[in-house]
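Q: First the structure, which I've put down as structure tokens, then a few questions once you've had a look.
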Amino acid sequence: MVMTALSQRASEKSYSRLLPESSGAFRKRLFKGLAAVSPAAATLAFPAPSLWPLALVCLVPLLLVLSRTESRKQAAFLGWTGGAAFFLTTHYWMTHKTHVFQPFIAAMFGATWLPWALAARATLGRGRVYRALCLVPSFWVLAEAGRSWDRLGGPWALLGATQWNSLWGLEIASWGGVWFVGWVVVAVNTAIAASVLFARQRSFESWGGRELPSSGAVTTCLLSLAVAIAAAWIVASTRRPPEYARVLRIAGVQPGPIGPAEQRFTVAEAMTLTLQKGYDLVVWGESSLGEDPFLHDIYMQRLQALASDTGAPLLANVDARTRTGSIYKTSLLVDADGPKFRYDKRRLVPFGEYVPARPLMGWVSWFTDAAREDRGRGQHDVVMQLSKAGVSIAPLICFESAFPDMSRSLAQKGSDVIVVQSANTTFQRSWLPRQHASLAAIRAAETGRPVIHATLSGVSAAFDAYGAQLAYVSTEYEGTWSVDIPLFQRDTVYSIAGDWVVWASILLSAVVGGLWVLANPRRGSSE
């Protein structure tokens with residue numbers, strides 16, 4: 001009896017000791033799991049919610065966990081999980097095309113976060129705040145730049161694009177493009193994570209016993225970033241409105257989400273005829289014609305008649321099979337005398353207009369609505385002259401507005417205004433139309449050129465050369481709309497220097513990382 005009682009008490013005592021440890025282990029696992037998927041919250045920083053301040057903290061939980069991981073494998077797995085969660089939520093609208101394969105695609109793109117996650121562990125995990133502030137944002141930019149190659153899917157949901165409606169974000173975009181905005185956003189997340197590590201050092205010392213950041217380094221980083229953001233905001237908010245000689249009067253036609261191509265063309269035609277004269281340009285959305293007017297003269301005649309009746313050239317958009325046998329999307333400028341300029345779309349929508357790495361992923365089209373054949377690609381930029389208005393415009397088609405280099409190239413070639421033609425009817429009830437329109441603000445700030453975003457079914461919008469909104473037409477509206485574009489332009493740092501932030505990130509990662517490895521050749525070899 002006595003032995004049994006003693007044994008029972010010992011067992012109870014052991015259990016009471018194990019319970020808090022087990023509970024603590026569970027809480028740690030739960031926190032790690034939630035932190036791993038926390039980047040998904042970044043979706044709310046993009047339109048429609050547009051909670052842009054959320055982008056400044058959305059990576060903090062994952063950075064904290066990465067800094068405390070026990071091995072590189074664990075850090076890589078958590079980084080991969082965070083990346084997959086980010087892509088799964090920010091690209092949720094693609095599910096319409098990819099269906100049950102969306103998680104696999106998200107996992108594939110999530111792998112681009114692996115170097116970033118390892119850099120976070122190696123720097124924050126050892127309390128190296130200055131190195132973290134150099135390497136973590138730089139590796140992030142390199143990951144975004146790498147996946148932005150159009151054959152891999154393109155630059156959708158770049159973190160810097162969340163700042164499209166913040167003054168400081170647009171100003172920084174003019175300095176270094178969306179890459180610089182993303183670099184600063186990730187740097188803020190990194191500095192906040194370092195400050196949390198320092199503030200909770202007693203708790204974290206018991207979780208891994210690793211080195212902690214110094215208060216001086218944390219304070220310096222936070223103050224430096226705060227000063228940079230404040231300076232950008234002050235410059236943008238105190239800028240005097242520029243003087244300009246005239247405006248470009250543009251009319252847009254938004255017929256709505258109409259499926260049959262002929263009906264879509266007829267409705268847009270009727271709406272255009274309601275316009276009064278006095279406009280410098282009339283713009284239709286993407287895929288406004290379903291037949292090639294060079295093969296079917298009746299459509300070309302109708303376009304010319306519209307240009308004659310309105311007294312303004314018409315920028316239409318063709319989505320049709322051409323003489324080559326391939327399907328092209330084409331921006332076509334027509335006036336009363338006939339066609340003047342054409343531009344064939346160069347960068348296509350993944351899965352919608354082509355399947356990335358079709359030899360490997362072509363099977364997706366067997367089970368989904370993904371493109372059965374890849375559309376043809378154009379080869380050159382085109383700058384179109386509006387001879388009557390004395391203005392040059394340059395078209396981009398739909399997804400191309402997501403690529404910073406394309407609008408920059410058009411600005412360098414002398415375009416006064418950039419015109420984006422889009423549709424988005426397939427994703428009418430999602431957040432995509434608002435996310436897409438917001439990119440025009442970033443492109444305007446980067447290039448110092450006004451940008452028009454004209455769609456079939458909304459959101460249509462216009463922004464001046466600073467990225468300030470001039471017009472906004474929702475997806476609920478069907479009809480014509482107009483906007484006066486101030487004709488001024490400015491030479492931004494980004495329009496001159498281009499993607500210098502990407503190259504600087506490569507150099508910074510190589511120099512700082514290389515010096516660190518040389519200074520500590522054996523450190524971490526067993527981790």
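Residue numbers start at 1 in each chain; chains themselves are named A, B, ... in the order of the structure tokens; ligands are numbered from 1 in the order shown.
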Using only C-alpha atoms, determine which residues lie at most 7 Å from stretch 252-262 of chain A, disregarding the query and same-chain residues fewer than 4 positions distant; provide the list as a tab-separated table (two decimals) with N, CA and C atoms, in the first residue's frame.
A:
```
chain	number	residue	atom	x	y	z
A	266	THR	N	-20.87	45.86	-80.48
A	266	THR	CA	-22.06	46.66	-80.81
A	266	THR	C	-22.42	47.61	-79.68
A	267	VAL	N	-22.34	47.13	-78.43
A	267	VAL	CA	-22.66	47.99	-77.29
A	267	VAL	C	-21.64	49.12	-77.17
A	268	ALA	N	-20.35	48.80	-77.31
A	268	ALA	CA	-19.32	49.84	-77.24
A	268	ALA	C	-19.49	50.85	-78.36
A	271	MET	N	-22.40	53.18	-77.42
A	271	MET	CA	-21.99	54.11	-76.37
A	271	MET	C	-21.08	55.21	-76.92
A	272	THR	N	-20.19	54.83	-77.82
A	272	THR	CA	-19.26	55.81	-78.39
A	272	THR	C	-20.01	56.87	-79.19
A	282	VAL	N	-10.47	58.64	-77.83
A	282	VAL	CA	-11.48	57.75	-77.26
A	282	VAL	C	-10.80	56.39	-77.06
A	283	VAL	N	-10.97	55.81	-75.87
A	283	VAL	CA	-10.29	54.56	-75.53
A	283	VAL	C	-11.31	53.48	-75.21
A	284	TRP	N	-11.16	52.34	-75.85
A	284	TRP	CA	-11.93	51.15	-75.52
A	284	TRP	C	-11.07	50.21	-74.68
A	289	LEU	N	-12.81	43.99	-79.74
A	289	LEU	CA	-13.15	43.38	-81.03
A	289	LEU	C	-12.76	41.91	-80.99
A	290	GLY	N	-13.64	41.07	-81.52
A	290	GLY	CA	-13.37	39.64	-81.56
A	290	GLY	C	-12.96	39.14	-82.93
A	425	THR	N	-13.03	41.03	-66.94
A	425	THR	CA	-14.43	40.58	-66.79
A	425	THR	C	-14.52	39.20	-66.15
A	454	ALA	N	-8.02	51.88	-68.78
A	454	ALA	CA	-9.36	51.79	-69.35
A	454	ALA	C	-9.74	50.32	-69.51
A	455	THR	N	-10.91	49.95	-68.99
A	455	THR	CA	-11.32	48.56	-69.00
A	455	THR	C	-12.71	48.39	-69.62
A	456	LEU	N	-13.04	47.13	-69.93
A	456	LEU	CA	-14.37	46.80	-70.43
A	456	LEU	C	-15.43	46.92	-69.34
A	457	SER	N	-15.05	46.53	-68.13
A	457	SER	CA	-16.05	46.40	-67.08
A	457	SER	C	-15.61	46.96	-65.73
A	478	GLU	N	-21.69	51.21	-66.17
A	478	GLU	CA	-21.65	50.88	-67.60
A	478	GLU	C	-22.00	52.13	-68.39
A	479	GLY	N	-21.12	52.53	-69.27
A	479	GLY	CA	-21.33	53.74	-70.06
A	479	GLY	C	-20.01	54.40	-70.40
A	480	THR	N	-20.07	55.67	-70.75
A	480	THR	CA	-18.86	56.43	-71.08
A	480	THR	C	-18.41	57.24	-69.88
A	481	TRP	N	-17.14	57.53	-69.84
A	481	TRP	CA	-16.58	58.38	-68.81
A	481	TRP	C	-15.47	59.22	-69.43
A	482	SER	N	-15.10	60.29	-68.78
A	482	SER	CA	-14.09	61.18	-69.36
A	482	SER	C	-13.18	61.73	-68.27
```
Q: Per residue of stretch 383-412 of chain A within 12 Å of stretch 333-352 of chain A, which atom pair is closest and at what distance in Å (one decimal), using only C-alpha atoms, listed by chain and increasing number, as a tab-separated table?
A:
```
residue	atom	partner	partner_atom	distance
A:Val383	CA	A:Phe341	CA	8.5
A:Met384	CA	A:Phe341	CA	6.2
A:Gln385	CA	A:Phe341	CA	8.4
A:Leu386	CA	A:Leu333	CA	9.3
A:Ser387	CA	A:Lys340	CA	10.4
A:Lys388	CA	A:Asp335	CA	10.5
A:Ser392	CA	A:Phe341	CA	11.5
A:Ile393	CA	A:Leu333	CA	10.3
A:Ala394	CA	A:Tyr343	CA	9.1
A:Pro395	CA	A:Tyr343	CA	7.3
A:Leu396	CA	A:Lys345	CA	7.4
A:Ile397	CA	A:Lys345	CA	6.1
A:Cys398	CA	A:Val349	CA	8.3
A:Phe399	CA	A:Val349	CA	6.0
A:Glu400	CA	A:Arg347	CA	5.9
A:Ser401	CA	A:Arg347	CA	9.7
A:Ala402	CA	A:Arg347	CA	10.0
A:Phe403	CA	A:Arg347	CA	9.0
A:Asp405	CA	A:Arg347	CA	11.7
A:Met406	CA	A:Arg347	CA	9.6
```
Q: Skip A:Ile250 itself and residues of its chain fewer than 3 positions away, then list as a list in words all residues within 10 Å of it, counting only C-alpha atoms.
A: Val247, Gly278, Tyr279, Asp280, Leu281, Val282, Val283, Ala312, Ile452, Ala462, Trp481, Ser482, Val483, Asp484 and Ile485 of chain A
Q: Can I get the selection written as an mmCIF file, in the first residue's frame, with N, CA and C atoms?
A:
```cif
data_model
loop_
_atom_site.group_PDB
_atom_site.id
_atom_site.type_symbol
_atom_site.label_atom_id
_atom_site.label_comp_id
_atom_site.auth_asym_id
_atom_site.auth_seq_id
_atom_site.Cartn_x
_atom_site.Cartn_y
_atom_site.Cartn_z
ATOM 1 N N VAL A 247 -4.477 70.426 -71.425
ATOM 2 C CA VAL A 247 -4.865 69.095 -70.977
ATOM 3 C C VAL A 247 -5.201 68.238 -72.197
ATOM 4 N N GLY A 278 -15.013 67.047 -79.248
ATOM 5 C CA GLY A 278 -14.165 67.840 -78.373
ATOM 6 C C GLY A 278 -13.125 67.025 -77.622
ATOM 7 N N TYR A 279 -13.157 65.709 -77.797
ATOM 8 C CA TYR A 279 -12.173 64.851 -77.144
ATOM 9 C C TYR A 279 -10.950 64.674 -78.053
ATOM 10 N N ASP A 280 -9.821 64.447 -77.417
ATOM 11 C CA ASP A 280 -8.583 64.211 -78.163
ATOM 12 C C ASP A 280 -8.358 62.728 -78.452
ATOM 13 N N LEU A 281 -9.020 61.870 -77.659
ATOM 14 C CA LEU A 281 -8.830 60.422 -77.829
ATOM 15 C C LEU A 281 -10.006 59.698 -77.176
ATOM 16 N N VAL A 282 -10.471 58.641 -77.832
ATOM 17 C CA VAL A 282 -11.480 57.746 -77.261
ATOM 18 C C VAL A 282 -10.805 56.390 -77.058
ATOM 19 N N VAL A 283 -10.971 55.812 -75.869
ATOM 20 C CA VAL A 283 -10.287 54.558 -75.527
ATOM 21 C C VAL A 283 -11.315 53.475 -75.207
ATOM 22 N N ALA A 312 -12.441 62.286 -83.013
ATOM 23 C CA ALA A 312 -11.250 61.910 -82.246
ATOM 24 C C ALA A 312 -10.790 60.525 -82.667
ATOM 25 N N ILE A 452 -3.437 56.100 -67.892
ATOM 26 C CA ILE A 452 -4.866 55.838 -68.010
ATOM 27 C C ILE A 452 -5.070 54.325 -67.974
ATOM 28 N N ALA A 462 -7.609 56.908 -63.774
ATOM 29 C CA ALA A 462 -6.585 57.776 -64.374
ATOM 30 C C ALA A 462 -5.793 58.429 -63.259
ATOM 31 N N TRP A 481 -17.137 57.533 -69.842
ATOM 32 C CA TRP A 481 -16.577 58.380 -68.808
ATOM 33 C C TRP A 481 -15.473 59.224 -69.433
ATOM 34 N N SER A 482 -15.099 60.294 -68.784
ATOM 35 C CA SER A 482 -14.089 61.185 -69.360
ATOM 36 C C SER A 482 -13.180 61.733 -68.272
ATOM 37 N N VAL A 483 -12.022 62.183 -68.694
ATOM 38 C CA VAL A 483 -11.056 62.752 -67.766
ATOM 39 C C VAL A 483 -10.156 63.720 -68.534
ATOM 40 N N ASP A 484 -9.768 64.795 -67.886
ATOM 41 C CA ASP A 484 -8.801 65.747 -68.448
ATOM 42 C C ASP A 484 -7.436 65.458 -67.835
ATOM 43 N N ILE A 485 -6.483 65.124 -68.682
ATOM 44 C CA ILE A 485 -5.146 64.754 -68.223
ATOM 45 C C ILE A 485 -4.218 65.955 -68.342
#
```
Q: I'd like the interatomic distance between atom CA of A:Leu63 and atom CA of A:Pro47, to a tenth of an Å.
A: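 Computing it gives 24.5 Å between the two atoms.
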Q: With distances taken over only C-alpha atoms, which of A:Phe180, A:Phe31, A:Tyr130, A:Trp140 is nearest to A:Thr219?
A: A:Tyr130
Q: Show which residues sit within 12 Å of A:Gln102, as a PyMOL selection string. Count only C-alpha atoms, and ignore same-chain residues fewer than 6 positions away.
A: chain A and resi 84-85+87-96+108-110+351+364+368+370
Q: Could you pull the residues within 12 Å of A:Ser214, counting only C-alpha atoms, minus those fewer than 6 positions along the same chain, as a ChimeraX atom specification?
A: /A:124,126-130,191,194-199,201,220-221
